[in-house]
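*Asks:* Structure below; questions to follow.
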There are 2 protein chains.
Amino acid sequence: MFDKIKIFSPATVANVGCGYDVLGFALDGIGEEMEVSKRNDGKLVIDEIIGFDLPKDPLVNTATVAAQALLDAAGSKQGFSFTIKKTINPGSGMGTSASSSAGGVFALNELLGRPFTPSQLVEFAMEGEKAVSKKAHADNVAPNLLGGFTLVRSYDPLDILTLPVPEELYVTVVHPQVEVKTTDAKKILKKQVDLSVAVQQWGNVGGLVSGLYESDYDLIGRSMVDVIVEPIRKILIPLYDDVKAKALEEGALGCSIAGSGPSIFAFSKGEETALKIKNMMQVKYDEVGILAYTYMSKIGKEGVRII
Amino acid sequence: MFDKIKIFSPATVANVGCGYDVLGFALDGIGEEMEVSKRNDGKLVIDEIIGFDLPKDPLVNTATVAAQALLDAAGSKQGFSFTIKKTINPGSGMGTSASSSAGGVFALNELLGRPFTPSQLVEFAMEGEKAVSKKAHADNVAPNLLGGFTLVRSYDPLDILTLPVPEELYVTVVHPQVEVKTTDAKKILKKQVDLSVAVQQWGNVGGLVSGLYESDYDLIGRSMVDVIVEPIRKILIPLYDDVKAKALEEGALGCSIAGSGPSIFAFSKGEETALKIKNMMQVKYDEVGILAYTYMSKIGKEGVRII
């Protein structure tokens with residue numbers, strides 16, 4: 001057993017168009033790093049957060065909140081120090097809080113000799129999510145811990161499936177620097193939806209899952225239709241319709257809101273199209289003077305890992 | 001080209017638990033037969049319906065209504081005579097009107113030298129469905145014409161996917177002889193559903209599709225949860241909760257309402273369990289003096305076909 005570990009925890013995108021609250025996937029090589037080491041005083045301490053000014057209070061930071069849930073379940077009084085190096089601005093919709101939640105529990109599980117399965121780690125990481133968004137979501141921490149595409153079939157009991165990752169599937173994400181809080185993005189959603197509209201949504205969820213199994217890129221794109229959440233949330237995202245239309249025009253399979261926004265993501269078949277869309281997204285926001293960060297990667301087959 | 005053809009058109013089960021209005025599958029060897037022959041007077045005529053007293057008016061019977069839609073699309077003035085041998089009582093929820101709609105267009109397409117693809121035939125058969133249930137449903141005619149499991153991803157544009165059929169998946173159906181009209185069964189559904197409940201439903205749709213690809217029988221069963229339609233419609237079906245509980249107790253993977261009912265279907269892994277459940281279902285209704293018919297088969301990989 002080691003006393004110290006360094007891990008990489010990927011950014012993730014939840015919802016994936018039609019799959020509000022159930023679907024998510026990990027990015028490849030884009031995310032945060034975390035160094036965790038044992039300490040002898042039984043405390044959880046965040047030594048440093050590099051990159052952004054985020055709370056170091058262990059009762060607030062998702063890494064330590066989730067870590068505490070794991071320690072409670074293990075009945076362990078072991079203390080740990082954390083250094084977190086973030087690369088994505090908070091509030092992006094790219095699961096940065098989940099990256100810390102999942103990273104924290106993954107690191108502790110390794111340092112404690114792997115007492116828990118990845119599925120159990122999801123439950124601890126959900127406690128970190130609860131700390132920031134009131135509800136214990138799994139749609140970001142699941143792809144983070146299990147890699148690839150995940151489907152939260154059920155929360156009660158928790159039942160998470162991993163889905164296949166088509167080889168040539170690339171994702172492009174743009175994060176315009178406007179603030180959309182997850183809690184606000186939840187608030188504006190209607191509590192009720194028309195049954196006929198819900199039927200369309202689950203037709204698309206079924207289609208997307210089938211598309212992933214078949215590596216049918218066209219079907220994946222056709223199924224990324226969100227008739228429930230996107231029409232409401234997109235009003236919070238400047239240039240949304242414009243960026244989406246242009247992405248599809250340039251060959252994106254589909255385009256939707258990453259998590260609760262404001263990031264927008266597009267799927268492409270192959271790196272060339274994905275890069276073209278990345279440039280286009282950057283230019284669109286540059287033109288109107290909104291600072292925006294863009295990212296491009298394959299789907300991250302592997303989730304959080306030791307580096 | 002032939003002047004006469006005899007076909008078998010399977011019974012089908014739509015909804016499949018979670019997949020209201022989008023999922024459906026065909027039974028194997030259970031359904032109706034139809035003889036169709038060319039006639040020279042340009043008319044569509046139903047010579048005989050064997051088994052049940054159903055309308056022979058070509059403007060009312062789904063076989064001829066659907067057949068007319070095909071002829072219109074083909075610009076053909078060819079006439080046809082139909083003899084239909086039905087084996088399942090109408091109003092069962094096992095897609096008997098769809099069997100005729102699909103059977104009619106399949107037979108004509110063969111006799112006309114296959115001018116249309118199976119997907120096009122689905123659209124014509126939907127016209128037959130429209131004649132009986134006001135809306136042009138595809139969730140029964142799709143598995144009927146394409147075989148196996150089908151998913152109607154979208155109605156506009158029509159996009160139907162075929163899904164894999166696990167080798168050992170068996171279905172048992174019981175049709176208690178109580179009348180539930182599709183139009184009534186639609187009427188009692190709420191027009192709006194809670195978003196949180198809809199999320200559960202599409203989590204299960206995704207799970208069921210994954211289960212079919214993985215031949216994961218347990219996942220198929222876990223995913224057959226219908227939190228929207230079943231709680232409302234089951235009140236129209238005598239003994240529903242009792243039969244379902246007993247089916248699960250005897251090893252069914254899952255159990256739900258066939259189409260809009262009143263038939264109840266259960267999935268099992270293997271024939272032995274499916275037969276045990278068939279007997280149980282029969283006994284349950286016999287005990288209370290409700291006439292009921294029971295059926296058991298594999299999932300019908302092949303849809304409507306020449307015999």
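Lettering and numbering for the structure tokens are positional, with chains as A, B, ... in the shown order, residues counted from 1 in each chain, and ligands counted from 1 in the shown order.
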Tyr285 of chain A: which residues within 12 Å, counting only C-alpha atoms, same-chain residues fewer than 4 positions away excluded, as a list in words?

*Replies:* Val174, His175, Pro176, Gln177, Val178, Ile237, Pro238, Leu239, Tyr240, Asp242, Val243, Ser263, Ile264, Lys278, Asn279, Met280, Met281, Gly289, Ile290, Leu291, Ala292, Tyr293 and Thr294 of chain A

*Asks:* For the contact check between chain A and chain B, emit one row per residue of chain A within 7 Å, containing the shortest atom pair and the distance in Å rounded to one decimal, counting only C-alpha atoms, chain then rising number order, as a tab-separated table.

*Replies:*
residue	atom	partner	partner_atom	distance
A:Tyr20	CA	B:Val199	CA	6.9
A:Asp21	CA	B:Val199	CA	6.8
A:Val22	CA	B:Gly203	CA	6.0
A:Val152	CA	B:Gly203	CA	6.3
A:Arg153	CA	B:Gly203	CA	4.3
A:Ser154	CA	B:Gly203	CA	6.4
A:Lys191	CA	B:Leu195	CA	5.5
A:Gln192	CA	B:Asp194	CA	4.4
A:Val193	CA	B:Gln192	CA	5.4
A:Asp194	CA	B:Gln192	CA	4.4
A:Leu195	CA	B:Gln192	CA	5.2
A:Ala198	CA	B:Ala198	CA	6.4
A:Val199	CA	B:Asp21	CA	6.8
A:Gln200	CA	B:Ser154	CA	6.6
A:Trp202	CA	B:Trp202	CA	4.8
A:Gly203	CA	B:Arg153	CA	4.3
A:Asn204	CA	B:Arg153	CA	5.5
A:Val205	CA	B:Gly206	CA	5.8
A:Gly206	CA	B:Gly206	CA	5.1
A:Gly207	CA	B:Arg153	CA	5.7
A:Val209	CA	B:Gly206	CA	6.1
A:Ser210	CA	B:Val209	CA	6.7

*Asks:* Would you kindly return, as a list in words, each protein, DNA or RNA residue with an atom no farther than 7 Å from any atom of segment 127-134 of chain A, considering only C-alpha atoms and excluding same-chain residues fewer than 6 positions away?

*Replies:*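 Residues near the query, excluding close chain neighbours: Val60, Thr62, Ala63, Val65, Ala66, Ala69, Ser97, Ala98, Ser101, Thr182 and Thr183 of chain A.
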
*Asks:* Please compute the atom CA of Glu33 of chain A-atom CA of Phe8 of chain A distance, one decimal, in Å.

*Replies:*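 According to the coordinates, atom CA of Glu33 of chain A and atom CA of Phe8 of chain A are separated by 4.5 Å.
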
*Asks:* Using only C-alpha atoms, can you tell me which of A:Val105, A:Met296, A:Val227, A:Leu248 comes closest to Glu271 of chain A?

*Replies:* A:Met296

*Asks:* Using the chain letters and numbers from this document, which residues of segment 93-263 of chain A does DSSP assign to strand (DSSP E or B), as a PDB file with N, CA and C atoms, in the first residue's frame?

*Replies:*
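Final output, saved to selection_34.pdb:
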ATOM      1  N   PHE A 149     -19.375   5.791 -21.470  1.00  0.00           N
ATOM      2  CA  PHE A 149     -20.761   6.220 -21.343  1.00  0.00           C
ATOM      3  C   PHE A 149     -21.418   5.456 -20.202  1.00  0.00           C
ATOM      4  N   THR A 150     -22.215   6.134 -19.410  1.00  0.00           N
ATOM      5  CA  THR A 150     -22.948   5.424 -18.362  1.00  0.00           C
ATOM      6  C   THR A 150     -24.423   5.827 -18.401  1.00  0.00           C
ATOM      7  N   LEU A 151     -25.242   4.910 -17.931  1.00  0.00           N
ATOM      8  CA  LEU A 151     -26.678   5.137 -17.828  1.00  0.00           C
ATOM      9  C   LEU A 151     -27.109   4.834 -16.399  1.00  0.00           C
ATOM     10  N   VAL A 152     -27.698   5.829 -15.738  1.00  0.00           N
ATOM     11  CA  VAL A 152     -28.273   5.575 -14.415  1.00  0.00           C
ATOM     12  C   VAL A 152     -29.694   5.058 -14.654  1.00  0.00           C
ATOM     13  N   ARG A 153     -29.816   3.718 -14.684  1.00  0.00           N
ATOM     14  CA  ARG A 153     -31.146   3.160 -14.964  1.00  0.00           C
ATOM     15  C   ARG A 153     -32.115   3.494 -13.838  1.00  0.00           C
ATOM     16  N   SER A 154     -31.608   3.427 -12.625  1.00  0.00           N
ATOM     17  CA  SER A 154     -32.470   3.664 -11.472  1.00  0.00           C
ATOM     18  C   SER A 154     -31.641   4.226 -10.324  1.00  0.00           C
ATOM     19  N   TYR A 155     -32.266   5.114  -9.536  1.00  0.00           N
ATOM     20  CA  TYR A 155     -31.619   5.648  -8.338  1.00  0.00           C
ATOM     21  C   TYR A 155     -31.998   4.840  -7.098  1.00  0.00           C
ATOM     22  N   LEU A 158     -29.903   2.042  -6.611  1.00  0.00           N
ATOM     23  CA  LEU A 158     -28.959   2.592  -7.572  1.00  0.00           C
ATOM     24  C   LEU A 158     -28.517   1.494  -8.534  1.00  0.00           C
ATOM     25  N   ASP A 159     -28.691   1.734  -9.820  1.00  0.00           N
ATOM     26  CA  ASP A 159     -28.364   0.731 -10.837  1.00  0.00           C
ATOM     27  C   ASP A 159     -27.738   1.461 -12.023  1.00  0.00           C
ATOM     28  N   ILE A 160     -26.444   1.323 -12.169  1.00  0.00           N
ATOM     29  CA  ILE A 160     -25.713   2.062 -13.192  1.00  0.00           C
ATOM     30  C   ILE A 160     -25.129   1.106 -14.216  1.00  0.00           C
ATOM     31  N   LEU A 161     -25.378   1.397 -15.491  1.00  0.00           N
ATOM     32  CA  LEU A 161     -24.881   0.543 -16.574  1.00  0.00           C
ATOM     33  C   LEU A 161     -23.785   1.280 -17.333  1.00  0.00           C
ATOM     34  N   THR A 162     -22.808   0.546 -17.819  1.00  0.00           N
ATOM     35  CA  THR A 162     -21.840   1.154 -18.732  1.00  0.00           C
ATOM     36  C   THR A 162     -22.205   0.728 -20.148  1.00  0.00           C
ATOM     37  N   LEU A 163     -22.100   1.661 -21.062  1.00  0.00           N
ATOM     38  CA  LEU A 163     -22.496   1.437 -22.453  1.00  0.00           C
ATOM     39  C   LEU A 163     -21.249   1.498 -23.339  1.00  0.00           C
ATOM     40  N   LEU A 169     -15.834   8.299 -32.128  1.00  0.00           N
ATOM     41  CA  LEU A 169     -16.696   9.358 -31.580  1.00  0.00           C
ATOM     42  C   LEU A 169     -15.866  10.402 -30.833  1.00  0.00           C
ATOM     43  N   TYR A 170     -15.957  11.636 -31.282  1.00  0.00           N
ATOM     44  CA  TYR A 170     -15.248  12.755 -30.656  1.00  0.00           C
ATOM     45  C   TYR A 170     -16.252  13.751 -30.095  1.00  0.00           C
ATOM     46  N   VAL A 171     -15.816  14.433 -29.041  1.00  0.00           N
ATOM     47  CA  VAL A 171     -16.660  15.463 -28.458  1.00  0.00           C
ATOM     48  C   VAL A 171     -15.922  16.804 -28.463  1.00  0.00           C
ATOM     49  N   THR A 172     -16.655  17.830 -28.790  1.00  0.00           N
ATOM     50  CA  THR A 172     -16.145  19.195 -28.692  1.00  0.00           C
ATOM     51  C   THR A 172     -17.007  19.924 -27.677  1.00  0.00           C
ATOM     52  N   VAL A 173     -16.374  20.685 -26.793  1.00  0.00           N
ATOM     53  CA  VAL A 173     -17.125  21.443 -25.794  1.00  0.00           C
ATOM     54  C   VAL A 173     -16.669  22.893 -25.818  1.00  0.00           C
ATOM     55  N   VAL A 174     -17.627  23.793 -25.720  1.00  0.00           N
ATOM     56  CA  VAL A 174     -17.263  25.197 -25.527  1.00  0.00           C
ATOM     57  C   VAL A 174     -17.894  25.667 -24.223  1.00  0.00           C
ATOM     58  N   HIS A 175     -17.085  26.354 -23.426  1.00  0.00           N
ATOM     59  CA  HIS A 175     -17.570  26.884 -22.153  1.00  0.00           C
ATOM     60  C   HIS A 175     -17.514  28.412 -22.191  1.00  0.00           C
ATOM     61  N   PRO A 176     -18.623  29.036 -22.559  1.00  0.00           N
ATOM     62  CA  PRO A 176     -18.660  30.503 -22.527  1.00  0.00           C
ATOM     63  C   PRO A 176     -18.714  30.960 -21.067  1.00  0.00           C
ATOM     64  N   GLN A 192     -43.775  19.441 -14.633  1.00  0.00           N
ATOM     65  CA  GLN A 192     -44.567  18.457 -15.376  1.00  0.00           C
ATOM     66  C   GLN A 192     -44.308  18.582 -16.866  1.00  0.00           C
ATOM     67  N   VAL A 193     -44.400  17.474 -17.544  1.00  0.00           N
ATOM     68  CA  VAL A 193     -44.212  17.488 -18.996  1.00  0.00           C
ATOM     69  C   VAL A 193     -45.372  16.735 -19.638  1.00  0.00           C
ATOM     70  N   ASP A 194     -45.668  17.085 -20.894  1.00  0.00           N
ATOM     71  CA  ASP A 194     -46.706  16.359 -21.621  1.00  0.00           C
ATOM     72  C   ASP A 194     -46.259  14.921 -21.846  1.00  0.00           C
ATOM     73  N   GLY A 254     -24.566  15.722 -33.605  1.00  0.00           N
ATOM     74  CA  GLY A 254     -25.603  16.325 -32.776  1.00  0.00           C
ATOM     75  C   GLY A 254     -24.938  17.334 -31.871  1.00  0.00           C
ATOM     76  N   CYS A 255     -25.751  18.162 -31.240  1.00  0.00           N
ATOM     77  CA  CYS A 255     -25.214  19.237 -30.414  1.00  0.00           C
ATOM     78  C   CYS A 255     -26.235  19.528 -29.332  1.00  0.00           C
ATOM     79  N   SER A 256     -25.795  19.670 -28.087  1.00  0.00           N
ATOM     80  CA  SER A 256     -26.740  19.944 -27.015  1.00  0.00           C
ATOM     81  C   SER A 256     -26.038  20.641 -25.851  1.00  0.00           C
ATOM     82  N   ILE A 257     -26.766  20.798 -24.761  1.00  0.00           N
ATOM     83  CA  ILE A 257     -26.218  21.473 -23.580  1.00  0.00           C
ATOM     84  C   ILE A 257     -25.458  20.459 -22.724  1.00  0.00           C
TER      85      ILE A 257
END

*Asks:* Show which residues sit within 8 Å of segment 107-124 of chain A, as a ChimeraX atom specification. Count only C-alpha atoms, and ignore same-chain residues fewer than 6 positions away.

*Replies:* /A:1-7,36,38,66-67,69-70,74,138,141-142,145-146,160

*Asks:* List the spatial neighbours of segment 41-49 of chain A as a VMD selection string - criterion: any atom at most 10 Å away, only C-alpha atoms, same-chain residues fewer than 3 positions off excluded.

*Replies:* chain A and resid 34 to 36 38 52 to 59 61 63 to 65 67 to 68 76 to 86

*Asks:* One decimal, Å: what's the distance from atom CA of His137 of chain A over to atom CA of Ala14 of chain A, could you say?

*Replies:* 10.1 Å

*Asks:* Enumerate, as a count of residues only, the complete set of residues in segment 29-153 of chain B that a backbone-based DSSP assignment places in helix (DSSP H, G or I).

*Replies:* 51

*Asks:* Please determine, counting only C-alpha atoms, which residue among A:Pro262, A:Pro143, A:Gly29, A:Gly270 has the shortest atom-to-atom distance to Ile307 of chain A.

*Replies:*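 Nearest to Ile307 of chain A: A:Gly29.
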
*Asks:* Using only C-alpha atoms, pick whichever of A:Gly51, A:Gly147, A:Gly259, A:Gly75 has the shortest atom-to-atom distance to Val16 of chain A.

*Replies:*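 Among the listed residues, the smallest separation from Val16 of chain A belongs to A:Gly259.
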
*Asks:* So how far away is atom CA of Asn144 of chain A from atom CA of Ile188 of chain A, in Å?

*Replies:*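 It comes out at 26.7 Å.
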
*Asks:* Between A:Val165, A:Val13, A:Ile299, A:Ile235, which one has atoms that come closest to Met94 of chain A, using only C-alpha atoms?

*Replies:*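 Using only C-alpha atoms, Met94 of chain A sits closest to A:Val13.
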